[in-house]
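Here is the structure we will look at, set down as structure tokens.
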Amino acid sequence: MLYIPCPYCGLRNETEFHYGAEAGVGYPDPNTLTDDEWAKYIHIRANPKGWLAERWVHFAGCSRWFNLWRNTVTHEIGPAYLPFTEQPKAPSNIGQEEQKA
Amino acid sequence: MSEIKFIFDDITYKGHHGEPMSAALLRSGLLTITNSTYHGRPRGIIGLGVEEPNAIVQLISDTKESMRPATVIEVADGLHVSSLTGVGALPEAPDEARYDKTNHYVDTLVIGAGVAGLKAAHEHLQLGRKVLLIDDQPKPGGHLLHLGMNLPSVLLDIFTNENLTYVPRCTAIGLYDQNYIVAVERRSDHLGEAAPAERARIRVWHIRADKVVLAPGAFQRPLIFANNDRPGIMLSHAAATYVAVYKVASFRQAIVATIDNQGYRDALRLHEAGVKIEGIYDVRQIASGPSIDAAKAAGIPIRFRTAVIDTLANEKGACTKVILSDIDTNETFERSADLLAVSGGWTPIADLPTYIGIKPQWSAKHAAFLVNHTTDILQTAGMLAGEFGGDDDPAIFFGPTLNDEQSRVAYIDFQRDATLHDLKRAVGAGLQSIEHIKRYTTIGTAHDQGKTSGMLTIGALWQLNNSTEGKNHSLSPADIGTLSFRPPYIPVPFAALAGRERGPLSDPIRISPLHQWHVAAGAEFEDVGQWKRPWYFPKTGESMDQAVRRECIAARKGVAIMDASTLGKIDIQGPDAAVFLDRIYTNMFSTLPEGQCRYGLMCKADGIVFDDGVTTRLGKNHFLMTTTTGGAARVLAWLEEWLQTEWPDLKVYCTSVTEHIATIALVGPKSRELLQELVTDINISKDAFPFMHSRNTTIDGIQVRIARISFSGELAFEINVTHSYAKHIWERLWTLGRRYELTPYGTETMHVLRAEKGYIIIGQDTDGTQTPYDLNMSWIVSKKKEFIGKRSFQLPYLQASGRPQLVGLLPEDIDEIIPEGAYITLYSAQADEDGKTPHTGFVTSSYHSPEMGRAFALALIADGLNRLGEIVSIPIGKKVLSATICDAVFIDKENLRRD
Ligand SMILES: [Zn+2]
């Protein structure tokens, strides 16, 4: 069970949160995109192996959405940050290598 | 220690209070505990703790818990158990013992109270940290307890430190990300009859720790040879501990088979306790160290390069003779022994770290997989980290080369009766991966989850590969694979995991303020999410079909009443509320006049219908949205996500008011007449109060909001009132309604009425792939504005022909209610060469309509809207039903009734 730092409430168990989506994928102007570009916005995400910024909501707490760095390989949790604020750097990948095997 | 009596297989045994049951049974001379599951072979105790694969028993007293190793049961007065042949029996009565759970946060969690764990606890206490120390034994000391030794005073002192919480009989069963640990504490069984009734039998600990120290210790492993499973063959460390510490005097003559110096230390303890050691047989070429010198000094015969290959038994199946083989010459010889103590090396307990993906590393020096892991938050210690302490110097040896006949009785997994022969067969069948071999042979899949057999399997495979010439040659057991485990570390009763959350407490129950009335009226209930909703209201002797028919007729011909309080309700306020709803719904809400209602449909960005409901404009900047009963939380989260992450500039505030407002639907041609008796403040006539309008008024001085909304197609009024007044309004209507034969109805009638009108239920008539167009609802899609999902309607795959579309179905046989979910095929469909008939859609809703006097259905059919009038087939088992595709609105297509 992940331990997630809600920017408003502090560290809470994963069961209090819902996962949203990859963070930083803004809603584009639908009418300026080709069908392909729009379909890509709808369906295609980076899905990287390693650090990923994600959108989570603290549904059983303050109901606020926020962004969070999480490592999809090691499940390490990085910093959380609010929407429309500067994204902190991805945590270093130290600790990832040894668990990759 | 006080003497106690307990019952095993109907015989009373004596024991010392608190000692392991295995010690008491061995002391009484009971070698054979059970017969094995598949081969029926006699089996006895081989180990000291949870690794024990043979001596598994069932509790008869108390909870009837099944499959507890006798090695971990502390004997107490009143204990009554029976043997098991591998498979436990679930008790028929519910487990009435109390189970509990607790959440705990701590600076440092130390798992294992052996010397390594105690040292770690000491260090962390010295740093001023709060420490939780959990251990599965009744007393701290770990290995030292087996040696009958006391703790050094510096380690004893920690128990007086107020920052230490020490929990004995507490086993960590799971380790998860960010140092989340689940542990199971057994709190009362060891007290036997003296256990206080109010004490929780098992407490499940949910622990979050800044730092975790894993010091779980190690299991000794057996060796693989023919007939290695006979009673009297034990792990040497267990045998020496039973004899030296628990004063088991049942053995006279012992042989020690070893690959390391541990065998010598155990031989010495047996020797000192008076057991004659016929010899130590060591597979190594040479050995050195204090224990070897001591064994020599004690006059114990020692022979190197010698391994056990077979054993012989007496008529009871117990070991009497050991057949040994010189590894270099293959010359064999026999020795008598009633105890064969086997030291096959140590396997550190790597279960917990592997749960979070940490791979054990092979160490040739230790002949074992180790986890030497140190991060800021997690650290391994003791034997798991390779601190073996003694001068073990193990050989990498798991058993001698055996022929086919010997392999068939050379056991690797005692619980599964899986042998070296099974392993050879798996390899012969071409399996290479350890994971495949485990599944093929079932090794490691029994109750003990491979605690003794896992490492043996890897070792035996490695030896097999090395004995066959050529390409499979592997350098070390690590090339075969590593140990990997899954939680829980030990079996845990479901009752413990459930704790107090059983029966009515297993899930929250949501009830409307009218629930007690429905109960008193004899309603049958249906679960809708966590809500209890009245399903139908049978009169005495009525079947469900009869009740629903009567309720439907009342709603269509007279007047009927339904509790709609569970509808999701979201209060939406703010200067930008109207703009926001325009973006959320496919249709326009900014143009909705105050005091009016509009049905709305919302899609996700992919254009797929997500939820629907009626939203009322209560004021310029104030809307009340209703959602499906099951979708309320989902919709609120959806609204919040857009407001918080995309449109923070919009000033809109959303609040769930589902529980605050009760909704009573008064439905049917006579509903206005009845309501008029109660509502005198306002004119509710057809012209003064039109359809889809909302009016604030009072009933008996109570503020209510009445809306002309209909989910049945009939004239209907929805009365919204504060939760606490709902019962009053309902009962007033009920009393006045007697003259009108007012009829309460439930969700089943609601479903029939709405389906007759072709009103969809999202999630029933949709399967998560329908656009508004697929549902024949193009009328609700605004061309004038942007909304979520609009762009997707232009995508070619959502415009393609052949998409499933919502239509009606009229079965040829008017009494045949087609099962919901049934597949629909073309009337002319033929099976292809595989005997399969392609389907063209499926039935989503299907009922009997009292209004039409026949069965009808809704269905999603490919291109259905272009196929009205076509006859289709619906194969149900061996029958093939026929039905005609029709419009999804079955009655009152002109919407004349609602006024
Ligand atoms: Zn929060």
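For the structure tokens, the naming scheme is as follows: chains receive sequential letters (A, B, ...) according to their order of presentation, residues are indexed from 1 within each chain, and ligands are indexed from 1 in presentation order.
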
*asked:* Show me, as a ChimeraX atom specification, every residue of chain A with an atom at most 10 Å from chain B, counting only C-alpha atoms.
replied: /A:1-4,13,18,20,23-27,29-31,33-36,38-39,41-43,55-57,59,63-67,73-77,82-84,95,98-101

_Sel. of strand (DSSP E or B) residues, stretch 232-467 of chain B, as a PyMOL selection string_ = chain B and resi 233-235+253-258+276-282+302-303+306-313+319-326+332-336+339-343+346-348+361-363+368-370+374+378-380+411-413+418-419

*For B:Ser476, which residue among B:Ala554, B:Leu59, B:Ala547, B:Ile396 is the nearest when counting only C-alpha atoms?*
B:Ile396

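All residues, whether protein, DNA or RNA, that have an atom at most 9 Å from ligand 1 (counting only C-alpha atoms and all ligand atoms) are Pro5, Cys6, Pro7, Tyr8, Cys9, Gly10, Leu11, Arg12, Glu16, Phe17, Val57, His58, Phe59, Ala60, Gly61, Cys62, Ser63, Arg64 and Trp65 of chain A.
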
_As an exercise, work out the distance from atom CA of B:Ser590 to atom CA of B:Ala578 in Å and give it to one decimal place._
4.7 Å

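Residues in contact with stretch 722-733 of chain B at 7 Å, where only C-alpha atoms are counted and same-chain residues fewer than 2 positions away are skipped, are listed as Pro513, Leu514, Glu659, His660, Ile661, Ala662, Thr735, Leu736 and Gly737 of chain B.
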
Please provide the set of residues having any atom within 9 Å of B:Leu30, restricted to only C-alpha atoms, with same-chain residues fewer than 6 positions apart removed, written as a compact mmCIF listing (two decimals) with all heavy atoms, in the first residue's frame.
# COMPACT_ATOMS: atom_id res chain seq x y z
N ALA B 24 6.14 -31.95 23.41
CA ALA B 24 5.41 -32.84 24.31
C ALA B 24 5.11 -34.18 23.64
O ALA B 24 5.20 -35.24 24.27
CB ALA B 24 4.11 -32.16 24.76
N GLY B 44 6.56 -37.81 10.62
CA GLY B 44 6.71 -37.28 11.97
C GLY B 44 7.19 -35.84 11.94
O GLY B 44 7.36 -35.24 10.87
N SER B 250 13.50 -39.74 23.85
CA SER B 250 12.94 -40.86 23.09
C SER B 250 13.96 -41.50 22.15
O SER B 250 13.66 -42.51 21.55
CB SER B 250 11.75 -40.37 22.26
OG SER B 250 10.90 -39.61 23.09

*Might you pull out every residue within 9 Å of B:Gly88, with only C-alpha atoms counted and same-chain residues fewer than 4 positions away left off, and present them as a PyMOL selection string?*
chain B and resi 56-58+65-67+84

Residues from the last selection, N, CA and C atoms, saved as a PDB file, in the first residue's frame:
ATOM      1  N   ILE B  56       1.013 -31.180  10.936  1.00  0.00           N
ATOM      2  CA  ILE B  56      -0.020 -30.143  10.818  1.00  0.00           C
ATOM      3  C   ILE B  56      -1.287 -30.701  11.471  1.00  0.00           C
ATOM      4  N   VAL B  57      -1.889 -29.917  12.362  1.00  0.00           N
ATOM      5  CA  VAL B  57      -3.036 -30.435  13.117  1.00  0.00           C
ATOM      6  C   VAL B  57      -4.222 -29.488  13.004  1.00  0.00           C
ATOM      7  N   GLN B  58      -5.341 -30.000  13.435  1.00  0.00           N
ATOM      8  CA  GLN B  58      -6.565 -29.207  13.450  1.00  0.00           C
ATOM      9  C   GLN B  58      -7.011 -29.008  14.888  1.00  0.00           C
ATOM     10  N   GLU B  65      -9.876 -24.037  14.143  1.00  0.00           N
ATOM     11  CA  GLU B  65      -8.934 -23.586  13.109  1.00  0.00           C
ATOM     12  C   GLU B  65      -8.157 -24.781  12.592  1.00  0.00           C
ATOM     13  N   SER B  66      -7.995 -24.824  11.291  1.00  0.00           N
ATOM     14  CA  SER B  66      -7.387 -25.995  10.692  1.00  0.00           C
ATOM     15  C   SER B  66      -5.954 -25.689  10.257  1.00  0.00           C
ATOM     16  N   MET B  67      -5.116 -26.728  10.209  1.00  0.00           N
ATOM     17  CA  MET B  67      -3.775 -26.642   9.647  1.00  0.00           C
ATOM     18  C   MET B  67      -2.827 -25.727  10.423  1.00  0.00           C
ATOM     19  N   LEU B  84      -4.023 -34.350  10.862  1.00  0.00           N
ATOM     20  CA  LEU B  84      -4.584 -34.125   9.532  1.00  0.00           C
ATOM     21  C   LEU B  84      -3.701 -34.821   8.518  1.00  0.00           C
TER      22      LEU B  84
END

Compile the contact shell of B:Gln415 as an mmCIF file with N, CA and C atoms, in the first residue's frame: residues with an atom at most 10 Å away, counting only C-alpha atoms, same-chain residues fewer than 3 positions apart removed.
data_model
loop_
_atom_site.group_PDB
_atom_site.id
_atom_site.type_symbol
_atom_site.label_atom_id
_atom_site.label_comp_id
_atom_site.auth_asym_id
_atom_site.auth_seq_id
_atom_site.Cartn_x
_atom_site.Cartn_y
_atom_site.Cartn_z
ATOM 1 N N SER B 36 1.014 -39.149 4.991
ATOM 2 C CA SER B 36 1.107 -38.062 4.019
ATOM 3 C C SER B 36 -0.105 -38.055 3.095
ATOM 4 N N THR B 37 -0.334 -36.904 2.477
ATOM 5 C CA THR B 37 -1.587 -36.645 1.762
ATOM 6 C C THR B 37 -1.814 -37.588 0.590
ATOM 7 N N TYR B 38 -0.806 -37.745 -0.243
ATOM 8 C CA TYR B 38 -1.019 -38.471 -1.499
ATOM 9 C C TYR B 38 -0.463 -39.891 -1.451
ATOM 10 N N ARG B 43 4.538 -40.029 8.702
ATOM 11 C CA ARG B 43 5.381 -38.836 8.807
ATOM 12 C C ARG B 43 5.415 -38.361 10.252
ATOM 13 N N GLU B 52 7.667 -26.364 9.641
ATOM 14 C CA GLU B 52 7.274 -27.765 9.771
ATOM 15 C C GLU B 52 6.276 -28.176 8.683
ATOM 16 N N PRO B 53 6.636 -29.166 7.837
ATOM 17 C CA PRO B 53 5.696 -29.555 6.778
ATOM 18 C C PRO B 53 4.796 -30.740 7.136
ATOM 19 N N ASN B 54 5.162 -31.513 8.155
ATOM 20 C CA ASN B 54 4.449 -32.780 8.412
ATOM 21 C C ASN B 54 3.404 -32.684 9.508
ATOM 22 N N ALA B 55 3.825 -32.160 10.658
ATOM 23 C CA ALA B 55 2.976 -32.229 11.853
ATOM 24 C C ALA B 55 1.971 -31.088 11.861
ATOM 25 N N ILE B 56 1.013 -31.180 10.936
ATOM 26 C CA ILE B 56 -0.020 -30.143 10.818
ATOM 27 C C ILE B 56 -1.287 -30.701 11.471
ATOM 28 N N THR B 85 -4.320 -35.399 7.510
ATOM 29 C CA THR B 85 -3.492 -35.923 6.431
ATOM 30 C C THR B 85 -3.371 -34.856 5.350
ATOM 31 N N GLY B 86 -2.710 -33.799 5.702
ATOM 32 C CA GLY B 86 -2.365 -32.777 4.716
ATOM 33 C C GLY B 86 -3.451 -31.769 4.418
ATOM 34 N N VAL B 87 -4.706 -32.175 4.489
ATOM 35 C CA VAL B 87 -5.776 -31.272 4.108
ATOM 36 C C VAL B 87 -6.643 -30.979 5.327
ATOM 37 N N TYR B 411 11.983 -37.372 -1.105
ATOM 38 C CA TYR B 411 10.995 -36.296 -1.051
ATOM 39 C C TYR B 411 11.652 -34.917 -0.997
ATOM 40 N N ILE B 412 11.082 -34.016 -1.782
ATOM 41 C CA ILE B 412 11.519 -32.616 -1.757
ATOM 42 C C ILE B 412 10.488 -31.778 -1.019
ATOM 43 N N ALA B 418 5.936 -34.493 -3.224
ATOM 44 C CA ALA B 418 6.645 -34.313 -4.501
ATOM 45 C C ALA B 418 8.088 -34.756 -4.306
ATOM 46 N N THR B 442 4.012 -29.095 -8.433
ATOM 47 C CA THR B 442 3.282 -28.566 -7.268
ATOM 48 C C THR B 442 4.193 -28.296 -6.066
ATOM 49 N N ILE B 443 5.497 -28.397 -6.264
ATOM 50 C CA ILE B 443 6.402 -28.115 -5.141
ATOM 51 C C ILE B 443 6.228 -26.666 -4.682
ATOM 52 N N GLY B 444 6.125 -26.500 -3.391
ATOM 53 C CA GLY B 444 6.043 -25.144 -2.847
ATOM 54 C C GLY B 444 4.648 -24.566 -2.834
ATOM 55 N N THR B 445 3.652 -25.371 -3.235
ATOM 56 C CA THR B 445 2.297 -24.824 -3.314
ATOM 57 C C THR B 445 1.418 -25.249 -2.146
ATOM 58 N N ALA B 446 1.990 -25.977 -1.193
ATOM 59 C CA ALA B 446 1.161 -26.437 -0.072
ATOM 60 C C ALA B 446 1.134 -25.380 1.028
ATOM 61 N N HIS B 447 0.547 -25.778 2.129
ATOM 62 C CA HIS B 447 0.352 -24.926 3.292
ATOM 63 C C HIS B 447 1.621 -24.189 3.718
ATOM 64 N N ASP B 448 2.786 -24.852 3.621
ATOM 65 C CA ASP B 448 4.035 -24.222 4.076
ATOM 66 C C ASP B 448 4.684 -23.366 2.984
ATOM 67 N N GLN B 449 4.097 -23.358 1.792
ATOM 68 C CA GLN B 449 4.581 -22.505 0.695
ATOM 69 C C GLN B 449 6.087 -22.657 0.454
ATOM 70 N N GLY B 450 6.567 -23.881 0.584
ATOM 71 C CA GLY B 450 7.936 -24.166 0.194
ATOM 72 C C GLY B 450 9.007 -23.700 1.158
ATOM 73 N N SER B 453 11.141 -26.662 1.094
ATOM 74 C CA SER B 453 11.346 -27.296 -0.216
ATOM 75 C C SER B 453 11.841 -26.349 -1.298
#

*Considering only C-alpha atoms, return as a PyMOL selection string whatever protein or nucleic-acid residues lie within 7 Å of B:Tyr827, sequence-local ones (same chain, fewer than 6 positions apart) excluded.*
chain B and resi 871-873
